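Below you'll find the structure, written out as structure tokens, and then a few comments.
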Amino acid sequence: MRKLAVFAVLFALGSPAMAIDTDKAFDDPELQARYEHIIEEVRCLKCQNQSIKDSNAFLAGDLRREIRRMLSEGKTDEEIYDFLVARYGEFALYRPRMSGKTLVLWVAPILLLLAGGFVLVNILRRRMAMPIDRDAAAEE
Amino acid sequence: MRFAIPIVVFLLLVVIFSFGLFNDPRELPSPFLGEPAPSFEVESLTEPGRIVGSADYAGKMALVNVWATWCGGCRQEHPFLMQLARTNAVQIYGINWRDNRDEALRWLKQLGDPYEFSAYDVDGRVGIDWGVYGAPETFLVSPEGIVLHKHLGPLTAAIWQEDFVPLIEAGGPSS
């Protein structure tokens, strides 16, 4: 019983998690869904490891406001991303788009994986070609 | 010979990592470099009601400096901007970013005003158009309106000499 009381007190003391984005939601749920998707995809340049959805830096707030404005003006997602990239570079997007400048980002993991696979196959081939150590096998 | 490949790979990684280590991730390449500078038109900080903007420095070499009273680096570079303004090497135009007018005016009164004008960008819209994410930021704009250079962080005499002066000299005499 006492445990329960302690728990109740602690529970009451805990502050509720506050949403960062306190602006009014769009009336159109589809627009709201697009808005929420976009702000998750955009990096806060001020606090680089947060999206502008998670950040309460004023710059993130300003960018959310601009995105809201563009959405209500009927801009497409692509136009909104273009707007941000033109000002802040591809770095503003968590998923930079494929282009000459970002090609290495997209291709490097595949190349590294292929290189790793190649090395692995080579090592395994060499091992398979090695004579089996009969003495060691017999000891088991 | 057996170790040649691991050693090469290791050295390659050392080079890549040291490049990453000594690179400030906050310093992003501006997409405006070599491109036309964004234009703006906004109320003046010091003369409420008067509209100032990029048209005011068209045809001149201009230094566009983004500043705010809440920005520590701006205070740090301010004496240098004052000094620079006295040399007339280039005209300095301020964008007062996301600031409070009273505090900004007090700042200029106390520390001096090196700016031809300060645009009062109270809602940060001009800042967004210029891709500003951390004051102070300083852009060198050619007479043709092209961004020649961008510096993030406080401006110093050494940085000025190294990064800005050659560009200004190459761009012809500034008026």
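Chain identifiers are assigned as A, B, and so on, following the order in which chains appear in the structure tokens; residues are numbered from 1 within each chain, and ligands are numbered from 1 in order of appearance.
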When the cut-off is 9 Å and we count only C-alpha atoms, which residues of chain B are near chain A, given as a PDB file with all heavy atoms, in the first residue's frame?
ATOM      1  N   PRO B  25      32.235  20.241 -38.121  1.00  0.00           N
ATOM      2  CA  PRO B  25      30.997  19.824 -38.799  1.00  0.00           C
ATOM      3  C   PRO B  25      29.951  20.937 -38.844  1.00  0.00           C
ATOM      4  O   PRO B  25      28.992  20.847 -39.595  1.00  0.00           O
ATOM      5  CB  PRO B  25      30.505  18.647 -37.949  1.00  0.00           C
ATOM      6  CG  PRO B  25      31.144  18.829 -36.622  1.00  0.00           C
ATOM      7  CD  PRO B  25      32.440  19.527 -36.863  1.00  0.00           C
ATOM      8  N   ARG B  26      30.144  21.977 -38.059  1.00  0.00           N
ATOM      9  CA  ARG B  26      29.163  23.063 -38.100  1.00  0.00           C
ATOM     10  C   ARG B  26      29.388  23.961 -39.299  1.00  0.00           C
ATOM     11  O   ARG B  26      28.532  24.746 -39.673  1.00  0.00           O
ATOM     12  CB  ARG B  26      29.244  23.895 -36.813  1.00  0.00           C
ATOM     13  CG  ARG B  26      28.526  23.222 -35.665  1.00  0.00           C
ATOM     14  CD  ARG B  26      28.858  23.915 -34.383  1.00  0.00           C
ATOM     15  NE  ARG B  26      30.303  23.939 -34.196  1.00  0.00           N
ATOM     16  CZ  ARG B  26      30.913  24.516 -33.185  1.00  0.00           C
ATOM     17  NH1 ARG B  26      30.207  25.150 -32.282  1.00  0.00           N
ATOM     18  NH2 ARG B  26      32.207  24.495 -33.067  1.00  0.00           N
ATOM     19  N   LEU B  28      29.324  24.511 -42.770  1.00  0.00           N
ATOM     20  CA  LEU B  28      28.755  23.906 -43.972  1.00  0.00           C
ATOM     21  C   LEU B  28      29.081  24.765 -45.182  1.00  0.00           C
ATOM     22  O   LEU B  28      29.110  25.980 -45.080  1.00  0.00           O
ATOM     23  CB  LEU B  28      27.239  23.813 -43.827  1.00  0.00           C
ATOM     24  CG  LEU B  28      26.732  23.125 -42.577  1.00  0.00           C
ATOM     25  CD1 LEU B  28      25.227  23.202 -42.517  1.00  0.00           C
ATOM     26  CD2 LEU B  28      27.190  21.689 -42.553  1.00  0.00           C
ATOM     27  N   PRO B  29      29.336  24.130 -46.309  1.00  0.00           N
ATOM     28  CA  PRO B  29      29.567  24.928 -47.512  1.00  0.00           C
ATOM     29  C   PRO B  29      28.274  25.640 -47.908  1.00  0.00           C
ATOM     30  O   PRO B  29      27.209  25.024 -47.925  1.00  0.00           O
ATOM     31  CB  PRO B  29      29.958  23.886 -48.566  1.00  0.00           C
ATOM     32  CG  PRO B  29      29.428  22.591 -48.057  1.00  0.00           C
ATOM     33  CD  PRO B  29      29.375  22.690 -46.564  1.00  0.00           C
ATOM     34  N   SER B  30      28.375  26.919 -48.160  1.00  0.00           N
ATOM     35  CA  SER B  30      27.167  27.649 -48.531  1.00  0.00           C
ATOM     36  C   SER B  30      26.809  27.339 -49.975  1.00  0.00           C
ATOM     37  O   SER B  30      27.655  27.399 -50.854  1.00  0.00           O
ATOM     38  CB  SER B  30      27.405  29.146 -48.368  1.00  0.00           C
ATOM     39  OG  SER B  30      26.331  29.852 -48.953  1.00  0.00           O
ATOM     40  N   PRO B  31      25.540  27.004 -50.219  1.00  0.00           N
ATOM     41  CA  PRO B  31      25.155  26.759 -51.612  1.00  0.00           C
ATOM     42  C   PRO B  31      25.179  28.028 -52.456  1.00  0.00           C
ATOM     43  O   PRO B  31      25.035  27.965 -53.670  1.00  0.00           O
ATOM     44  CB  PRO B  31      23.739  26.189 -51.505  1.00  0.00           C
ATOM     45  CG  PRO B  31      23.269  26.469 -50.134  1.00  0.00           C
ATOM     46  CD  PRO B  31      24.453  26.776 -49.276  1.00  0.00           C
ATOM     47  N   PHE B  32      25.391  29.179 -51.811  1.00  0.00           N
ATOM     48  CA  PHE B  32      25.366  30.439 -52.565  1.00  0.00           C
ATOM     49  C   PHE B  32      26.717  30.808 -53.151  1.00  0.00           C
ATOM     50  O   PHE B  32      26.811  31.744 -53.945  1.00  0.00           O
ATOM     51  CB  PHE B  32      24.897  31.588 -51.664  1.00  0.00           C
ATOM     52  CG  PHE B  32      23.463  31.458 -51.259  1.00  0.00           C
ATOM     53  CD1 PHE B  32      23.115  31.183 -49.954  1.00  0.00           C
ATOM     54  CD2 PHE B  32      22.464  31.572 -52.205  1.00  0.00           C
ATOM     55  CE1 PHE B  32      21.792  31.044 -49.592  1.00  0.00           C
ATOM     56  CE2 PHE B  32      21.135  31.431 -51.849  1.00  0.00           C
ATOM     57  CZ  PHE B  32      20.797  31.165 -50.546  1.00  0.00           C
ATOM     58  N   ARG B  98      16.740  38.173 -35.973  1.00  0.00           N
ATOM     59  CA  ARG B  98      15.959  37.632 -34.869  1.00  0.00           C
ATOM     60  C   ARG B  98      16.315  38.333 -33.548  1.00  0.00           C
ATOM     61  O   ARG B  98      16.672  37.689 -32.576  1.00  0.00           O
ATOM     62  CB  ARG B  98      16.257  36.126 -34.730  1.00  0.00           C
ATOM     63  CG  ARG B  98      15.521  35.292 -35.702  1.00  0.00           C
ATOM     64  CD  ARG B  98      14.049  35.355 -35.432  1.00  0.00           C
ATOM     65  NE  ARG B  98      13.409  34.085 -35.283  1.00  0.00           N
ATOM     66  CZ  ARG B  98      12.584  33.785 -34.288  1.00  0.00           C
ATOM     67  NH1 ARG B  98      12.362  34.645 -33.331  1.00  0.00           N
ATOM     68  NH2 ARG B  98      11.965  32.648 -34.255  1.00  0.00           N
ATOM     69  N   ASP B 123      11.683  38.508 -37.892  1.00  0.00           N
ATOM     70  CA  ASP B 123      11.097  37.156 -37.923  1.00  0.00           C
ATOM     71  C   ASP B 123      12.002  36.125 -38.593  1.00  0.00           C
ATOM     72  O   ASP B 123      11.607  34.982 -38.791  1.00  0.00           O
ATOM     73  CB  ASP B 123       9.711  37.175 -38.578  1.00  0.00           C
ATOM     74  CG  ASP B 123       9.750  37.743 -39.996  1.00  0.00           C
ATOM     75  OD1 ASP B 123      10.864  37.993 -40.488  1.00  0.00           O
ATOM     76  OD2 ASP B 123       8.681  37.939 -40.583  1.00  0.00           O
ATOM     77  N   GLY B 124      13.226  36.525 -38.923  1.00  0.00           N
ATOM     78  CA  GLY B 124      14.199  35.562 -39.433  1.00  0.00           C
ATOM     79  C   GLY B 124      14.000  35.152 -40.874  1.00  0.00           C
ATOM     80  O   GLY B 124      14.631  34.211 -41.348  1.00  0.00           O
ATOM     81  N   ARG B 125      13.148  35.854 -41.598  1.00  0.00           N
ATOM     82  CA  ARG B 125      12.852  35.430 -42.968  1.00  0.00           C
ATOM     83  C   ARG B 125      14.035  35.709 -43.913  1.00  0.00           C
ATOM     84  O   ARG B 125      14.356  34.897 -44.768  1.00  0.00           O
ATOM     85  CB  ARG B 125      11.594  36.145 -43.452  1.00  0.00           C
ATOM     86  CG  ARG B 125      10.865  35.358 -44.489  1.00  0.00           C
ATOM     87  CD  ARG B 125       9.412  35.742 -44.569  1.00  0.00           C
ATOM     88  NE  ARG B 125       8.629  35.076 -43.547  1.00  0.00           N
ATOM     89  CZ  ARG B 125       7.307  35.237 -43.440  1.00  0.00           C
ATOM     90  NH1 ARG B 125       6.671  36.046 -44.239  1.00  0.00           N
ATOM     91  NH2 ARG B 125       6.650  34.583 -42.513  1.00  0.00           N
ATOM     92  N   ILE B 128      16.679  33.104 -43.357  1.00  0.00           N
ATOM     93  CA  ILE B 128      16.406  31.831 -44.035  1.00  0.00           C
ATOM     94  C   ILE B 128      16.769  31.943 -45.503  1.00  0.00           C
ATOM     95  O   ILE B 128      17.403  31.048 -46.063  1.00  0.00           O
ATOM     96  CB  ILE B 128      14.931  31.425 -43.845  1.00  0.00           C
ATOM     97  CG1 ILE B 128      14.711  30.963 -42.408  1.00  0.00           C
ATOM     98  CG2 ILE B 128      14.541  30.320 -44.820  1.00  0.00           C
ATOM     99  CD1 ILE B 128      13.295  30.598 -42.062  1.00  0.00           C
ATOM    100  N   ASP B 129      16.416  33.067 -46.132  1.00  0.00           N
ATOM    101  CA  ASP B 129      16.747  33.217 -47.550  1.00  0.00           C
ATOM    102  C   ASP B 129      18.250  33.182 -47.796  1.00  0.00           C
ATOM    103  O   ASP B 129      18.704  32.766 -48.855  1.00  0.00           O
ATOM    104  CB  ASP B 129      16.161  34.524 -48.096  1.00  0.00           C
ATOM    105  CG  ASP B 129      14.689  34.362 -48.451  1.00  0.00           C
ATOM    106  OD1 ASP B 129      14.247  33.209 -48.602  1.00  0.00           O
ATOM    107  OD2 ASP B 129      13.982  35.371 -48.578  1.00  0.00           O
ATOM    108  N   TRP B 130      19.014  33.618 -46.805  1.00  0.00           N
ATOM    109  CA  TRP B 130      20.472  33.607 -46.943  1.00  0.00           C
ATOM    110  C   TRP B 130      21.073  32.306 -46.410  1.00  0.00           C
ATOM    111  O   TRP B 130      22.303  32.169 -46.354  1.00  0.00           O
ATOM    112  CB  TRP B 130      21.091  34.796 -46.201  1.00  0.00           C
ATOM    113  CG  TRP B 130      20.943  36.101 -46.952  1.00  0.00           C
ATOM    114  CD1 TRP B 130      19.785  36.813 -47.103  1.00  0.00           C
ATOM    115  CD2 TRP B 130      21.952  36.814 -47.656  1.00  0.00           C
ATOM    116  NE1 TRP B 130      20.028  37.934 -47.857  1.00  0.00           N
ATOM    117  CE2 TRP B 130      21.355  37.963 -48.215  1.00  0.00           C
ATOM    118  CE3 TRP B 130      23.323  36.598 -47.870  1.00  0.00           C
ATOM    119  CZ2 TRP B 130      22.070  38.890 -48.974  1.00  0.00           C
ATOM    120  CZ3 TRP B 130      24.033  37.529 -48.621  1.00  0.00           C
ATOM    121  CH2 TRP B 130      23.399  38.654 -49.170  1.00  0.00           C
ATOM    122  N   GLY B 131      20.240  31.391 -45.988  1.00  0.00           N
ATOM    123  CA  GLY B 131      20.743  30.118 -45.454  1.00  0.00           C
ATOM    124  C   GLY B 131      21.519  30.285 -44.157  1.00  0.00           C
ATOM    125  O   GLY B 131      22.431  29.521 -43.866  1.00  0.00           O
ATOM    126  N   VAL B 132      21.138  31.292 -43.362  1.00  0.00           N
ATOM    127  CA  VAL B 132      21.849  31.566 -42.117  1.00  0.00           C
ATOM    128  C   VAL B 132      21.420  30.551 -41.060  1.00  0.00           C
ATOM    129  O   VAL B 132      20.242  30.266 -40.918  1.00  0.00           O
ATOM    130  CB  VAL B 132      21.518  32.994 -41.630  1.00  0.00           C
ATOM    131  CG1 VAL B 132      22.038  33.210 -40.215  1.00  0.00           C
ATOM    132  CG2 VAL B 132      22.104  34.025 -42.571  1.00  0.00           C
ATOM    133  N   TYR B 133      22.405  29.958 -40.358  1.00  0.00           N
ATOM    134  CA  TYR B 133      22.033  29.052 -39.270  1.00  0.00           C
ATOM    135  C   TYR B 133      22.800  29.340 -37.986  1.00  0.00           C
ATOM    136  O   TYR B 133      22.507  28.756 -36.955  1.00  0.00           O
ATOM    137  CB  TYR B 133      22.200  27.591 -39.698  1.00  0.00           C
ATOM    138  CG  TYR B 133      23.598  27.244 -40.129  1.00  0.00           C
ATOM    139  CD1 TYR B 133      24.496  26.670 -39.243  1.00  0.00           C
ATOM    140  CD2 TYR B 133      24.018  27.502 -41.419  1.00  0.00           C
ATOM    141  CE1 TYR B 133      25.768  26.354 -39.631  1.00  0.00           C
ATOM    142  CE2 TYR B 133      25.300  27.198 -41.824  1.00  0.00           C
ATOM    143  CZ  TYR B 133      26.173  26.621 -40.921  1.00  0.00           C
ATOM    144  OH  TYR B 133      27.451  26.325 -41.316  1.00  0.00           O
ATOM    145  N   GLY B 134      23.773  30.235 -38.042  1.00  0.00           N
ATOM    146  CA  GLY B 134      24.484  30.556 -36.812  1.00  0.00           C
ATOM    147  C   GLY B 134      25.191  31.883 -36.956  1.00  0.00           C
ATOM    148  O   GLY B 134      26.139  31.983 -37.726  1.00  0.00           O
TER     149      GLY B 134
END
Which residues are close to stretch 31-35 of chain A, i.e. within 12 Å by only C-alpha atoms, leaving aside same-chain residues fewer than 2 positions away? Reply as a PDB file with N, CA and C atoms, in the first residue's frame.
ATOM      1  N   ASP A  21       6.540  21.255 -31.062  1.00  0.00           N
ATOM      2  CA  ASP A  21       5.774  22.014 -32.044  1.00  0.00           C
ATOM      3  C   ASP A  21       4.388  22.290 -31.483  1.00  0.00           C
ATOM      4  N   ASP A  23       2.331  24.674 -32.592  1.00  0.00           N
ATOM      5  CA  ASP A  23       1.436  25.375 -33.513  1.00  0.00           C
ATOM      6  C   ASP A  23       0.175  24.561 -33.765  1.00  0.00           C
ATOM      7  N   LYS A  24      -0.843  25.266 -34.171  1.00  0.00           N
ATOM      8  CA  LYS A  24      -2.132  24.636 -34.449  1.00  0.00           C
ATOM      9  C   LYS A  24      -1.996  23.684 -35.637  1.00  0.00           C
ATOM     10  N   ALA A  25      -2.680  22.545 -35.536  1.00  0.00           N
ATOM     11  CA  ALA A  25      -2.617  21.568 -36.626  1.00  0.00           C
ATOM     12  C   ALA A  25      -3.395  22.093 -37.831  1.00  0.00           C
ATOM     13  N   PHE A  26      -3.028  21.579 -38.999  1.00  0.00           N
ATOM     14  CA  PHE A  26      -3.796  21.921 -40.201  1.00  0.00           C
ATOM     15  C   PHE A  26      -5.202  21.333 -40.086  1.00  0.00           C
ATOM     16  N   ASP A  27      -6.165  21.986 -40.687  1.00  0.00           N
ATOM     17  CA  ASP A  27      -7.529  21.450 -40.678  1.00  0.00           C
ATOM     18  C   ASP A  27      -7.604  20.183 -41.528  1.00  0.00           C
ATOM     19  N   ASP A  28      -6.839  20.204 -42.624  1.00  0.00           N
ATOM     20  CA  ASP A  28      -6.831  19.065 -43.529  1.00  0.00           C
ATOM     21  C   ASP A  28      -5.855  18.005 -43.000  1.00  0.00           C
ATOM     22  N   PRO A  29      -6.358  16.820 -42.628  1.00  0.00           N
ATOM     23  CA  PRO A  29      -5.451  15.811 -42.047  1.00  0.00           C
ATOM     24  C   PRO A  29      -4.353  15.366 -43.013  1.00  0.00           C
ATOM     25  N   HIS A  37       5.544  14.680 -41.799  1.00  0.00           N
ATOM     26  CA  HIS A  37       6.573  13.895 -42.478  1.00  0.00           C
ATOM     27  C   HIS A  37       7.767  14.795 -42.849  1.00  0.00           C
ATOM     28  N   ILE A  38       7.482  15.953 -43.415  1.00  0.00           N
ATOM     29  CA  ILE A  38       8.562  16.836 -43.871  1.00  0.00           C
ATOM     30  C   ILE A  38       9.421  17.290 -42.700  1.00  0.00           C
ATOM     31  N   ILE A  39       8.804  17.683 -41.602  1.00  0.00           N
ATOM     32  CA  ILE A  39       9.632  18.223 -40.511  1.00  0.00           C
ATOM     33  C   ILE A  39      10.480  17.141 -39.856  1.00  0.00           C
ATOM     34  N   GLU A  40      10.143  15.873 -40.101  1.00  0.00           N
ATOM     35  CA  GLU A  40      11.019  14.801 -39.613  1.00  0.00           C
ATOM     36  C   GLU A  40      12.208  14.601 -40.536  1.00  0.00           C
ATOM     37  N   GLU A  41      12.050  15.008 -41.784  1.00  0.00           N
ATOM     38  CA  GLU A  41      13.089  14.784 -42.786  1.00  0.00           C
ATOM     39  C   GLU A  41      14.109  15.915 -42.827  1.00  0.00           C
ATOM     40  N   VAL A  42      13.833  17.006 -42.152  1.00  0.00           N
ATOM     41  CA  VAL A  42      14.688  18.179 -42.257  1.00  0.00           C
ATOM     42  C   VAL A  42      15.532  18.335 -40.997  1.00  0.00           C
ATOM     43  N   ILE A  52      13.960  19.164 -37.378  1.00  0.00           N
ATOM     44  CA  ILE A  52      13.297  20.389 -36.924  1.00  0.00           C
ATOM     45  C   ILE A  52      12.004  20.067 -36.190  1.00  0.00           C
ATOM     46  N   LYS A  53      11.586  18.797 -36.247  1.00  0.00           N
ATOM     47  CA  LYS A  53      10.435  18.399 -35.444  1.00  0.00           C
ATOM     48  C   LYS A  53      10.819  18.313 -33.969  1.00  0.00           C
ATOM     49  N   LEU A  63      11.836  27.548 -39.493  1.00  0.00           N
ATOM     50  CA  LEU A  63      11.736  26.671 -40.663  1.00  0.00           C
ATOM     51  C   LEU A  63      10.387  25.946 -40.678  1.00  0.00           C
ATOM     52  N   ARG A  64       9.896  25.557 -39.501  1.00  0.00           N
ATOM     53  CA  ARG A  64       8.564  24.924 -39.449  1.00  0.00           C
ATOM     54  C   ARG A  64       7.516  25.911 -39.950  1.00  0.00           C
ATOM     55  N   ARG A  65       7.683  27.159 -39.548  1.00  0.00           N
ATOM     56  CA  ARG A  65       6.728  28.189 -39.982  1.00  0.00           C
ATOM     57  C   ARG A  65       6.751  28.349 -41.504  1.00  0.00           C
ATOM     58  N   GLU A  66       7.961  28.370 -42.073  1.00  0.00           N
ATOM     59  CA  GLU A  66       8.069  28.511 -43.530  1.00  0.00           C
ATOM     60  C   GLU A  66       7.456  27.304 -44.235  1.00  0.00           C
ATOM     61  N   ILE A  67       7.691  26.106 -43.691  1.00  0.00           N
ATOM     62  CA  ILE A  67       7.149  24.884 -44.311  1.00  0.00           C
ATOM     63  C   ILE A  67       5.622  24.901 -44.251  1.00  0.00           C
ATOM     64  N   ARG A  68       5.082  25.314 -43.115  1.00  0.00           N
ATOM     65  CA  ARG A  68       3.642  25.483 -42.957  1.00  0.00           C
ATOM     66  C   ARG A  68       3.071  26.445 -44.006  1.00  0.00           C
ATOM     67  N   ARG A  69       3.784  27.568 -44.161  1.00  0.00           N
ATOM     68  CA  ARG A  69       3.315  28.574 -45.112  1.00  0.00           C
ATOM     69  C   ARG A  69       3.294  27.982 -46.523  1.00  0.00           C
ATOM     70  N   MET A  70       4.380  27.294 -46.874  1.00  0.00           N
ATOM     71  CA  MET A  70       4.452  26.757 -48.230  1.00  0.00           C
ATOM     72  C   MET A  70       3.401  25.683 -48.455  1.00  0.00           C
ATOM     73  N   LEU A  71       3.150  24.867 -47.429  1.00  0.00           N
ATOM     74  CA  LEU A  71       2.117  23.832 -47.570  1.00  0.00           C
ATOM     75  C   LEU A  71       0.747  24.468 -47.783  1.00  0.00           C
ATOM     76  N   SER A  72       0.471  25.509 -47.006  1.00  0.00           N
ATOM     77  CA  SER A  72      -0.855  26.101 -47.171  1.00  0.00           C
ATOM     78  C   SER A  72      -0.959  26.887 -48.479  1.00  0.00           C
ATOM     79  N   GLU A  73       0.214  27.238 -49.059  1.00  0.00           N
ATOM     80  CA  GLU A  73       0.175  27.864 -50.381  1.00  0.00           C
ATOM     81  C   GLU A  73       0.036  26.826 -51.489  1.00  0.00           C
ATOM     82  N   GLY A  74       0.018  25.540 -51.105  1.00  0.00           N
ATOM     83  CA  GLY A  74      -0.179  24.495 -52.097  1.00  0.00           C
ATOM     84  C   GLY A  74       1.101  24.010 -52.760  1.00  0.00           C
ATOM     85  N   LYS A  75       2.258  24.306 -52.142  1.00  0.00           N
ATOM     86  CA  LYS A  75       3.521  23.821 -52.709  1.00  0.00           C
ATOM     87  C   LYS A  75       3.629  22.300 -52.528  1.00  0.00           C
ATOM     88  N   THR A  76       4.333  21.654 -53.477  1.00  0.00           N
ATOM     89  CA  THR A  76       4.532  20.212 -53.339  1.00  0.00           C
ATOM     90  C   THR A  76       5.698  19.945 -52.387  1.00  0.00           C
ATOM     91  N   ASP A  77       5.797  18.711 -51.903  1.00  0.00           N
ATOM     92  CA  ASP A  77       6.906  18.340 -51.018  1.00  0.00           C
ATOM     93  C   ASP A  77       8.231  18.625 -51.706  1.00  0.00           C
ATOM     94  N   GLU A  78       8.274  18.297 -52.993  1.00  0.00           N
ATOM     95  CA  GLU A  78       9.514  18.475 -53.744  1.00  0.00           C
ATOM     96  C   GLU A  78       9.919  19.953 -53.769  1.00  0.00           C
ATOM     97  N   ILE A  80       9.217  22.161 -51.579  1.00  0.00           N
ATOM     98  CA  ILE A  80       9.644  22.552 -50.237  1.00  0.00           C
ATOM     99  C   ILE A  80      11.079  22.093 -49.984  1.00  0.00           C
ATOM    100  N   TYR A  81      11.376  20.846 -50.397  1.00  0.00           N
ATOM    101  CA  TYR A  81      12.755  20.370 -50.230  1.00  0.00           C
ATOM    102  C   TYR A  81      13.710  21.207 -51.074  1.00  0.00           C
TER     103      TYR A  81
END
With a distance cut-off of 9 Å and only C-alpha atoms, select the neighbouring residues of B:Arg101, excluding the residue or stretch itself and same-chain residues fewer than 3 positions from it, and output the selection as a list in words.
Leu45, Thr46, Asn96, Ala104, Leu105, Arg106, Tyr120 and Val122 of chain B
Write out the residues from the selection above, keeping N, CA, C and O atoms, as a JSON list (two decimals), in the first residue's frame.
[["chain", "number", "residue", "atom", "x", "y", "z"],
["B", 45, "LEU", "N", 16.70, 48.89, -39.17],
["B", 45, "LEU", "CA", 16.71, 48.81, -37.71],
["B", 45, "LEU", "C", 16.74, 50.20, -37.08],
["B", 45, "LEU", "O", 15.98, 50.50, -36.16],
["B", 46, "THR", "N", 17.60, 51.05, -37.63],
["B", 46, "THR", "CA", 17.83, 52.34, -37.00],
["B", 46, "THR", "C", 16.81, 53.40, -37.43],
["B", 46, "THR", "O", 16.58, 54.35, -36.70],
["B", 96, "ASN", "N", 20.29, 42.40, -39.01],
["B", 96, "ASN", "CA", 20.05, 42.18, -37.59],
["B", 96, "ASN", "C", 19.02, 41.06, -37.49],
["B", 96, "ASN", "O", 17.84, 41.23, -37.77],
["B", 104, "ALA", "N", 19.11, 46.00, -29.76],
["B", 104, "ALA", "CA", 20.01, 46.17, -30.91],
["B", 104, "ALA", "C", 20.45, 47.62, -31.02],
["B", 104, "ALA", "O", 21.63, 47.91, -31.28],
["B", 105, "LEU", "N", 19.53, 48.55, -30.78],
["B", 105, "LEU", "CA", 19.89, 49.97, -30.87],
["B", 105, "LEU", "C", 20.86, 50.35, -29.76],
["B", 105, "LEU", "O", 21.81, 51.11, -29.98],
["B", 106, "ARG", "N", 20.62, 49.79, -28.58],
["B", 106, "ARG", "CA", 21.52, 50.07, -27.46],
["B", 106, "ARG", "C", 22.92, 49.56, -27.79],
["B", 106, "ARG", "O", 23.92, 50.22, -27.50],
["B", 120, "TYR", "N", 16.29, 45.06, -40.33],
["B", 120, "TYR", "CA", 15.70, 44.53, -39.10],
["B", 120, "TYR", "C", 14.90, 43.27, -39.44],
["B", 120, "TYR", "O", 13.71, 43.33, -39.73],
["B", 122, "VAL", "N", 13.34, 40.74, -38.05],
["B", 122, "VAL", "CA", 12.84, 40.32, -36.73],
["B", 122, "VAL", "C", 12.25, 38.92, -36.77],
["B", 122, "VAL", "O", 12.34, 38.18, -35.78]]
Give me the residues within 10 Å of B:Ile146 as an mmCIF file with N, CA and C atoms, in the first residue's frame, counting only C-alpha atoms and dropping any in the same chain fewer than 5 places off.
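Resulting contents of part-v3.cif:
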data_model
loop_
_atom_site.group_PDB
_atom_site.id
_atom_site.type_symbol
_atom_site.label_atom_id
_atom_site.label_comp_id
_atom_site.auth_asym_id
_atom_site.auth_seq_id
_atom_site.Cartn_x
_atom_site.Cartn_y
_atom_site.Cartn_z
ATOM 1 N N PHE B 32 25.391 29.179 -51.811
ATOM 2 C CA PHE B 32 25.366 30.439 -52.565
ATOM 3 C C PHE B 32 26.717 30.808 -53.151
ATOM 4 N N LEU B 33 27.783 30.111 -52.753
ATOM 5 C CA LEU B 33 29.107 30.464 -53.248
ATOM 6 C C LEU B 33 29.131 30.447 -54.774
ATOM 7 N N GLY B 34 29.513 31.567 -55.346
ATOM 8 C CA GLY B 34 29.555 31.658 -56.805
ATOM 9 C C GLY B 34 28.190 31.880 -57.435
ATOM 10 N N GLU B 35 27.185 31.974 -56.606
ATOM 11 C CA GLU B 35 25.813 32.152 -57.098
ATOM 12 C C GLU B 35 25.320 33.560 -56.739
ATOM 13 N N PRO B 36 24.268 34.008 -57.381
ATOM 14 C CA PRO B 36 23.717 35.318 -57.024
ATOM 15 C C PRO B 36 23.250 35.346 -55.562
ATOM 16 N N ALA B 37 23.596 36.409 -54.869
ATOM 17 C CA ALA B 37 23.174 36.551 -53.476
ATOM 18 C C ALA B 37 21.665 36.770 -53.433
ATOM 19 N N PRO B 38 21.010 36.258 -52.391
ATOM 20 C CA PRO B 38 19.568 36.473 -52.279
ATOM 21 C C PRO B 38 19.272 37.970 -52.125
ATOM 22 N N MET B 61 30.947 46.453 -54.197
ATOM 23 C CA MET B 61 31.416 45.343 -53.385
ATOM 24 C C MET B 61 30.842 45.542 -51.988
ATOM 25 N N PHE B 139 29.086 37.535 -45.452
ATOM 26 C CA PHE B 139 29.124 37.227 -46.881
ATOM 27 C C PHE B 139 29.801 38.367 -47.620
ATOM 28 N N LEU B 140 30.670 38.020 -48.551
ATOM 29 C CA LEU B 140 31.238 39.026 -49.436
ATOM 30 C C LEU B 140 30.496 38.945 -50.770
ATOM 31 N N VAL B 141 29.873 40.057 -51.156
ATOM 32 C CA VAL B 141 29.062 40.072 -52.374
ATOM 33 C C VAL B 141 29.723 40.999 -53.390
#
Give me, as a ChimeraX atom specification, the residues of chain A that a backbone DSSP run labels alpha helix (DSSP H).
/A:2-13,29-41,58-72,77-88,103-129,134-139
Identify all residues of chain A in strand (DSSP E or B) (DSSP on the backbone) and supply them as a compact mmCIF listing (two decimals) with N, CA and C atoms, in the first residue's frame.
# COMPACT_ATOMS: atom_id res chain seq x y z
N VAL A 42 13.83 17.01 -42.15
CA VAL A 42 14.69 18.18 -42.26
C VAL A 42 15.53 18.34 -41.00
N ARG A 43 16.81 18.50 -41.23
CA ARG A 43 17.74 18.64 -40.12
C ARG A 43 17.70 20.06 -39.58
N SER A 51 16.03 16.65 -35.82
CA SER A 51 15.22 17.14 -36.93
C SER A 51 14.53 18.42 -36.45
N LEU A 93 18.78 17.96 -45.51
CA LEU A 93 17.88 16.81 -45.58
C LEU A 93 18.55 15.59 -44.96
Would you list the contacts of B:Ser118 as JSON, numbers by chain, taking every protein, DNA or RNA residue within 10 Å and counting only C-alpha atoms, but skipping same-chain residues closer than 2 positions in sequence?
{"B": [42, 43, 44, 45, 46, 47, 52, 53, 64, 65, 66, 67, 92, 93, 94, 95, 96, 97, 104, 113, 114, 115, 116, 120, 121]}
Mind giving me the straight-line distance from atom CA of B:Asp56 to atom CA of B:Ile159 in Å, one decimal?
26.1 Å
